[in-house]
Amino acid sequence: MVKSTTKRSELVSPISVESPSLSISLDDMTREIFLELPMRSLLQFRSICKSWKTLISNAQFAKDHLHTSTANPNMAHLQLVPFLIGPDTIKSYSVHILLQNPTTPTKHSRFEMICWVSYSSSPLKHSSI
Amino acid sequence: MAEETESTKTEPLKTAEEEFKKLEITEEEESELKLETSDHVTFMVEASIAMKFGAVQQYLEVSPAASASATAIPLHNVASRELILILEYYRMHDWVDAGERDLKEFDERFLKDLNYEELKELLLAANYLNVEKLFNFLTKSIANIIRNKDVEFVRTFFGIDNDYTPEEEAAYREENAWAGVKFV
C-alpha cells in the first residue's frame, strides 16, 4: 500500500492524472460514488469532511444526482425525498410533511428549491406544491 | 490395395492438420499490444481488449508507432497485480458465450475476492486507465459498501481525517436531527 503510493507519486505519467492519493480524495471518483448513493446517505456524509460537504452541497452535483437516481429504477423508491439547496446547506423534507403542509418550503425562501423527485406512478405527480 | 487404404486414411488427417494450422495462424494474427506496468512487468494483451482502455487509446493517438513496434506502452499508475485483475474482468466480460447469469456470478466472486484496500487500488487503476465498465462497476460496489455505514466507518474506509471542529459537528447533528439522519 505505502510502497505503491510512493511509486505512483514519483512517476510521471504520459497521461494527465490528478493527485495519486490513495485516500480516494479525487473529486471525480468520489463524485461517481456519491452519484450512486441515496440522498439520505449524502446528507449524513456531509459531516465526514469539509471537501465532501462542498461537493455534496454543489448545485450541479445535486442536479446530476437527481438525474442519475431517476434514471435508475432500482433507486427510485429510495429517492422520494424533495430537498432544498441553499448557499451552504441542503435540507430534505419528508414527502408526507410537505403534502400535508405545502407552505413549508416558503419558510425557507432564501433556498432555491431545486428538485422534486416525482414519478409517473407517484401521487406527487399531480401535486400543486 | 494396402497403399490405397493408407492414402485414403491419411487424407482426412491432413485436412484436420491444415485446419488446425489455419486456426493457429488466425490466433497469431489477432494483434496484440505490449503493455508495461509500474512494476515493470510486460503483458501481451489482445488489441481488442487493450483498446478498451482509454489510456492506451490516448497513448496510441500520440505515438501511433507503438501499436506496430515492440515498444511497450507504459502504464505508470497500474501495478501488474491490478492489470491482471483488470484483464480477468475484461476477458470475462468480452467473452461472447458469457450469459447474463455467468457475468453476475463472476462479478460477485470478483468482488468477494477483493479486500477494501485492493478495491480502492483497483478503482484508482481503473480511473487511470479510463476503463468505463469496470470503473462504473467499482464505484457502484463501493457505494453499496458505504451506503448504510456510519460516518466513522466511511472516514476509515477512505482514509479521511475529520477536519471539522467539535462545534461544527454538533451544529450538523442539530440541523439534521429532525430528519433522523444519524451522525456518529
# chains A, B, ... in the order shown; residues from 1 in each chain; ligands from 1
$ residues_around --residues "B:Val151" --least-positions-apart "2" --cutoff "8 Å" --atoms "only C-alpha atoms" --output "list in words"
Gln44, Phe45, Ser47 and Ile48 of chain A; Lys149, Phe153, Val154, Arg155, Phe183 and Val184 of chain B
$ write_last_selection --atoms "N, CA and C atoms" --output "compact mmCIF listing (two decimals), in the first residue's frame"
# COMPACT_ATOMS: atom_id res chain seq x y z
N GLN A 44 -25.90 12.62 5.40
CA GLN A 44 -25.09 12.17 6.54
C GLN A 44 -23.60 12.37 6.26
N PHE A 45 -23.17 12.09 5.04
CA PHE A 45 -21.75 12.11 4.73
C PHE A 45 -21.18 13.53 4.58
N SER A 47 -20.92 15.41 6.89
CA SER A 47 -20.16 15.67 8.11
C SER A 47 -18.85 14.90 8.17
N ILE A 48 -18.49 14.21 7.08
CA ILE A 48 -17.23 13.45 7.06
C ILE A 48 -16.03 14.40 6.99
N LYS B 149 -23.49 2.78 6.11
CA LYS B 149 -22.49 2.80 7.17
C LYS B 149 -22.45 4.17 7.86
N PHE B 153 -17.03 4.83 9.94
CA PHE B 153 -16.65 3.74 9.02
C PHE B 153 -16.18 4.33 7.69
N VAL B 154 -16.94 5.29 7.20
CA VAL B 154 -16.63 5.87 5.88
C VAL B 154 -15.30 6.64 5.92
N ARG B 155 -15.07 7.33 7.04
CA ARG B 155 -13.78 8.03 7.19
C ARG B 155 -12.63 7.03 7.14
N PHE B 183 -25.64 10.90 13.03
CA PHE B 183 -24.23 11.28 12.97
C PHE B 183 -23.50 10.56 14.08
N VAL B 184 -22.40 10.00 13.72
CA VAL B 184 -21.66 9.26 14.75
C VAL B 184 -20.36 9.97 15.03
$ residues_around --residues "B:Ala126" --least-positions-apart "6" --cutoff "9 Å" --atoms "only C-alpha atoms" --output "VMD selection string"
chain B and resid 53 78 82 86 132 134 to 135 138
$ interface_residues --of "chain B" --to "chain A" --cutoff "9 Å" --atoms "only C-alpha atoms" --output "ChimeraX atom specification"
/B:38-39,55,58-59,74-79,117-118,120-121,123-124,127-128,135-136,138-144,146-152,154-155,157-164,168-169,172-173,175-176,179,181-183
$ atom_distance --atom1 "atom CA of B:Glu88" --atom2 "atom CA of B:Ile49"
10.5 Å
$ select_by_dssp --residues "stretch 5-172 of chain B" --states "helix (DSSP H, G or I)" --output "ChimeraX atom specification"
/B:5-29,47-50,54-62,64-67,80-94,100-112,116-129,132-146,151-158,166-172
